[in-house]
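Visitor: Provided herewith is a single structure, encoded as structure tokens, for subsequent inquiry.
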Amino acid sequence: MSATDRNRGGTAAIIVAAGRGMRAGGSLPKQYRDLAGLPVLVHTLRAFARHPAVDRLIVVLNPADQALFDERIAPHCDFPLRRVAGGATRGASVRAGLAAADGSARVLIHDGARPLVAQALISEVIAALGENPAAAPALPVTDALWRGTNGRVQAPHPRAGLFRAQTPQGFRLPAILAAHENAPPDAADDVEVALAAGLDVAITEGDENNLKITFPADFRRAEQLMRAEMDIRTGNGFDVHAFAPGDHVTLCGVRIPHERGLAGHSDADVGMHALTDAIYGALAEGDIGRHFPPSDPRWKGAASDIFLLHAIGLAGKRGYRMASCDVTLVCEIPKISPHADTMRARLAEIMRADESRISVKATTSERLGFTGRGEGIAALATATLVRP
Ligand code: MG
């Protein structure tokens with residue numbers, strides 16, 4: 001097979017999330033429970049959605065979980081995703097996913113309850129499918145093994161050549177489709193199905209962090225690992241608008257009656273502009289001018305909400321949420337403090353963030369400089385974004 005043939009058809013990821021998974025405790029299936037602020041399944045789906053070599057994403061659901069998925073998962077999925085109803089057994093669920101992957105050259109089959117899968121681990125499985133019809137990550141067993149019953153060790157068990165299997169398990173699509181036609185009814189995973197069909201399965205390097213969430217303690221361990229790997233980004237923004245004739249100013253989305261207005265192409269909301277630029281800065285995405293060129297007449301007189309919504313939407317698409325932001329308005333007049341809480345509430349509403357994470361404060365510049373002379377208003381902002 002030539003390199004071109006190997007790349008034809010692309011790679012589909014099938015996330016199997018149809019299990020009931022109640023051993024992890026709680027009243028929800030484990031893949032719907034929160035892990036570091038987002039459901040387990042959202043973390044898992046995002047890991048594959050952001051992998052550059054994954055072209056299609058398919059999630060296999062328990063038919064009884066459709067409403068649960070709509071409520072808890074779908075609002076966080078701003079990427080293409082095909083939903084498939086699972087069957088009565090794991091094998092039937094995987095087959096439903098495989099049918100939906102029709103046209104792909106390769107498939108990766110992954111447990112919905114393994115949210116910490118690393119990008120490099122996914123890449124290695126895909127790379128191994130260049131030379132092999134099947135490939136899956138695993139870790140060699142390093143602990144001594146025993147057989148035991150009733151709390152007593154019966155005998156040591158040799159560990160040489162033993163591996164702990166993980167997912168995603170990767171296959172060339174025609175090979176695994178054929179294998180599933182005669183699958184052993186109780187196969188634990190798709191490697192077992194592949195082996196029963198005589199397929200050669202390559203072992204790629206597993207990852208201790210790629211744990212399968214099964215028991216309540218696994219949530220704590222996974223959260224600790226996520227905290228250790230959390231991507232935290234900070235950006236700053238600065239903006240100035242000059243006073244101009246008018247009867248009000250708009251600051252952080254709040255209209256304040258004033259003897260003058262602020263000059264600008266949009267509504268000249270200097271505070272919201274600084275905050276928007278801080279978010280773009282954290283994402284290394286330039287500034288408002290890059291996304292909304294002032295030369296474009298569409299933004300003339302526009303409410304600055306659209307800029308902030310765009311920036312926070314971009315953050316969300318990349319998996320970041322607002323950890324905190326802090327806006328400082330610099331002016332002698334108008335007085336900001338009576339409006340600061342209304343501004344926080346308005347920013348929280350636009351960004352759909354908790355108000356306790358949003359700060360708005362003000363200072364004068366002791367009558368020095370352009371703000372001190374009352375020629376305009378300046379604003380500084382800092383935004384911290386986190387991606388678990
Ligand atoms: Mg501005």
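By order of appearance in the structure tokens: chains A, B, ..., then residues from 1 within every chain, and ligands from 1 in the order shown.
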Using DSSP on the backbone coordinates, identify the residues of range 154-200 of chain A assigned to helix (DSSP H, G or I); present them as a PyMOL selection string.

Guide: chain A and resi 173-181+190-196

Visitor: Please produce a file of the residues just selected, as a tab-separated table (two decimals), in the first residue's frame, where the atoms kept are N, CA and C atoms.

Guide:
chain	number	residue	atom	x	y	z
A	173	LEU	N	-10.57	0.30	8.56
A	173	LEU	CA	-12.02	0.08	8.66
A	173	LEU	C	-12.49	-1.25	8.05
A	174	PRO	N	-12.06	-1.59	6.80
A	174	PRO	CA	-12.58	-2.85	6.23
A	174	PRO	C	-12.21	-4.06	7.09
A	175	ALA	N	-11.01	-4.03	7.69
A	175	ALA	CA	-10.54	-5.17	8.48
A	175	ALA	C	-11.40	-5.35	9.74
A	176	ILE	N	-11.69	-4.27	10.44
A	176	ILE	CA	-12.44	-4.41	11.69
A	176	ILE	C	-13.92	-4.67	11.40
A	177	LEU	N	-14.43	-4.13	10.28
A	177	LEU	CA	-15.83	-4.43	9.90
A	177	LEU	C	-15.99	-5.93	9.68
A	178	ALA	N	-15.02	-6.51	8.95
A	178	ALA	CA	-15.09	-7.95	8.68
A	178	ALA	C	-14.95	-8.74	9.98
A	179	ALA	N	-14.06	-8.29	10.84
A	179	ALA	CA	-13.83	-9.00	12.10
A	179	ALA	C	-15.10	-8.99	12.96
A	180	HIS	N	-15.82	-7.89	12.95
A	180	HIS	CA	-17.02	-7.79	13.78
A	180	HIS	C	-18.17	-8.67	13.28
A	181	GLU	N	-18.07	-9.10	11.99
A	181	GLU	CA	-19.15	-9.96	11.49
A	181	GLU	C	-19.18	-11.29	12.21
A	190	ASP	N	-12.11	-4.37	21.27
A	190	ASP	CA	-12.06	-4.61	19.83
A	190	ASP	C	-10.78	-5.31	19.40
A	191	VAL	N	-9.75	-5.23	20.24
A	191	VAL	CA	-8.54	-6.00	19.95
A	191	VAL	C	-8.87	-7.49	20.03
A	192	GLU	N	-9.69	-7.87	21.00
A	192	GLU	CA	-10.09	-9.27	21.10
A	192	GLU	C	-10.87	-9.70	19.84
A	193	VAL	N	-11.72	-8.81	19.35
A	193	VAL	CA	-12.47	-9.09	18.12
A	193	VAL	C	-11.50	-9.26	16.95
A	194	ALA	N	-10.49	-8.36	16.88
A	194	ALA	CA	-9.52	-8.40	15.79
A	194	ALA	C	-8.70	-9.68	15.83
A	195	LEU	N	-8.26	-10.06	17.03
A	195	LEU	CA	-7.45	-11.27	17.17
A	195	LEU	C	-8.23	-12.51	16.76
A	196	ALA	N	-9.51	-12.54	17.14
A	196	ALA	CA	-10.34	-13.70	16.78
A	196	ALA	C	-10.45	-13.84	15.26

Visitor: Please give me, as a PyMOL selection string, the residues lying within 7 Å of ligand 1 when counting only C-alpha atoms and all ligand atoms.

Guide: chain A and resi 239-241+264+268-270+273

Visitor: If you measure from CA of Ala64 in chain A to CA of Lys30 in chain A, what distance in Å do you get, rounded to one decimal?

Guide: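 According to the coordinates, CA of Ala64 in chain A and CA of Lys30 in chain A are separated by 14.5 Å.
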
Visitor: From the DSSP assignment of the backbone, select every residue of range 125-239 of chain A that is strand (DSSP E), and format the answer as an MDAnalysis selection string.

Guide: chainID A and resid 134:140 145:149 152:157 163:165 169:172 201:205 231:239

Visitor: Tell me which protein, DNA and RNA residues are within 9 Å of Ala144 in chain A, counting only C-alpha atoms, leaving out same-chain ones fewer than 2 positions away, and put them as JSON, numbers by chain.

Guide: {"A": [141, 142, 146, 156, 157, 158, 159]}

Visitor: I'd like the contact shell of range 116-127 of chain A - 9 Å cut-off, only C-alpha atoms, skipping same-chain residues fewer than 2 positions apart - returned as a count of residues only.

Guide: 38

Visitor: Find the distance between CA of Ile256 in chain A and CA of Ser337 in chain A and write it in Å to one decimal.

Guide: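 If I compute the distance from CA of Ile256 in chain A to CA of Ser337 in chain A, I get 11.7 Å.
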
Visitor: Determine, using only C-alpha atoms, which residues of range 152-253 of chain A have any atom at most 10 Å from an atom of range 305-323 of chain A, and tabulate each with its shortest atom pair and distance in Å to one decimal place, rows ordered by chain and then rising number, as CSV.

Guide:
residue,atom,partner,partner_atom,distance
A:Asp231,CA,A:Tyr320,CA,8.5
A:Ile232,CA,A:Tyr320,CA,8.7
A:Arg233,CA,A:Tyr320,CA,9.0
A:Thr234,CA,A:Ala323,CA,9.7
A:Cys252,CA,A:Asp305,CA,9.0
A:Gly253,CA,A:Asp305,CA,7.2

Visitor: Mind writing the picked residues with N, CA and C atoms as a PDB file, in the first residue's frame?

Guide:
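Output saved as part.pdb:
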ATOM      1  N   ASP A 231      -3.821  23.956  31.232  1.00  0.00           N
ATOM      2  CA  ASP A 231      -3.212  25.036  30.446  1.00  0.00           C
ATOM      3  C   ASP A 231      -3.821  26.357  30.932  1.00  0.00           C
ATOM      4  N   ILE A 232      -2.985  27.200  31.489  1.00  0.00           N
ATOM      5  CA  ILE A 232      -3.461  28.470  32.037  1.00  0.00           C
ATOM      6  C   ILE A 232      -2.842  29.600  31.236  1.00  0.00           C
ATOM      7  N   ARG A 233      -3.671  30.517  30.772  1.00  0.00           N
ATOM      8  CA  ARG A 233      -3.176  31.609  29.924  1.00  0.00           C
ATOM      9  C   ARG A 233      -3.685  32.952  30.423  1.00  0.00           C
ATOM     10  N   THR A 234      -2.815  33.919  30.369  1.00  0.00           N
ATOM     11  CA  THR A 234      -3.182  35.265  30.795  1.00  0.00           C
ATOM     12  C   THR A 234      -2.906  36.241  29.668  1.00  0.00           C
ATOM     13  N   CYS A 252     -18.207  49.079  30.026  1.00  0.00           N
ATOM     14  CA  CYS A 252     -18.459  47.676  30.397  1.00  0.00           C
ATOM     15  C   CYS A 252     -19.932  47.330  30.209  1.00  0.00           C
ATOM     16  N   GLY A 253     -20.493  47.808  29.107  1.00  0.00           N
ATOM     17  CA  GLY A 253     -21.858  47.450  28.740  1.00  0.00           C
ATOM     18  C   GLY A 253     -22.938  48.238  29.445  1.00  0.00           C
TER      19      GLY A 253
END

Visitor: Rank nothing, just name the residue among A:Ile109, A:Gly103, A:Leu38, A:Ser356 nearest to Ala17 in chain A, using only C-alpha atoms.

Guide: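 So, comparing all the options, the nearest one is A:Ile109.
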
Visitor: Which polymer residues have any atom within 8 Å of an atom of range 362-375 of chain A, counting only C-alpha atoms, with same-chain residues fewer than 4 positions away left out, as a PyMOL selection string?

Guide: chain A and resi 242-243+328-333+336-337

Visitor: Put those residues in a file: C-alpha atoms, as a PDB file, in the first residue's frame.

Guide:
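Saved the output as selection_7.pdb:
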ATOM      1  CA  ALA A 242     -11.404  60.524  23.808  1.00  0.00           C
ATOM      2  CA  PHE A 243     -14.419  62.469  25.041  1.00  0.00           C
ATOM      3  CA  THR A 328      -9.572  48.990  35.618  1.00  0.00           C
ATOM      4  CA  LEU A 329     -11.108  52.180  34.245  1.00  0.00           C
ATOM      5  CA  VAL A 330      -8.933  55.296  34.495  1.00  0.00           C
ATOM      6  CA  CYS A 331     -10.830  58.611  34.598  1.00  0.00           C
ATOM      7  CA  GLU A 332     -11.713  61.586  36.816  1.00  0.00           C
ATOM      8  CA  ILE A 333     -15.326  61.662  35.669  1.00  0.00           C
ATOM      9  CA  ILE A 336     -17.493  54.601  38.265  1.00  0.00           C
ATOM     10  CA  SER A 337     -17.937  52.980  41.678  1.00  0.00           C
TER      11      SER A 337
END

Visitor: One decimal, in Å: what's the spacing between CA of Ala381 in chain A and CA of Lys335 in chain A?

Guide: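 CA of Ala381 in chain A sits 18.4 Å away from CA of Lys335 in chain A.
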
Visitor: So, counting only C-alpha atoms, which residue among A:Ser359, A:Gln31, A:Thr89, A:Thr214 is closest to Asp65 in chain A?

Guide: A:Gln31
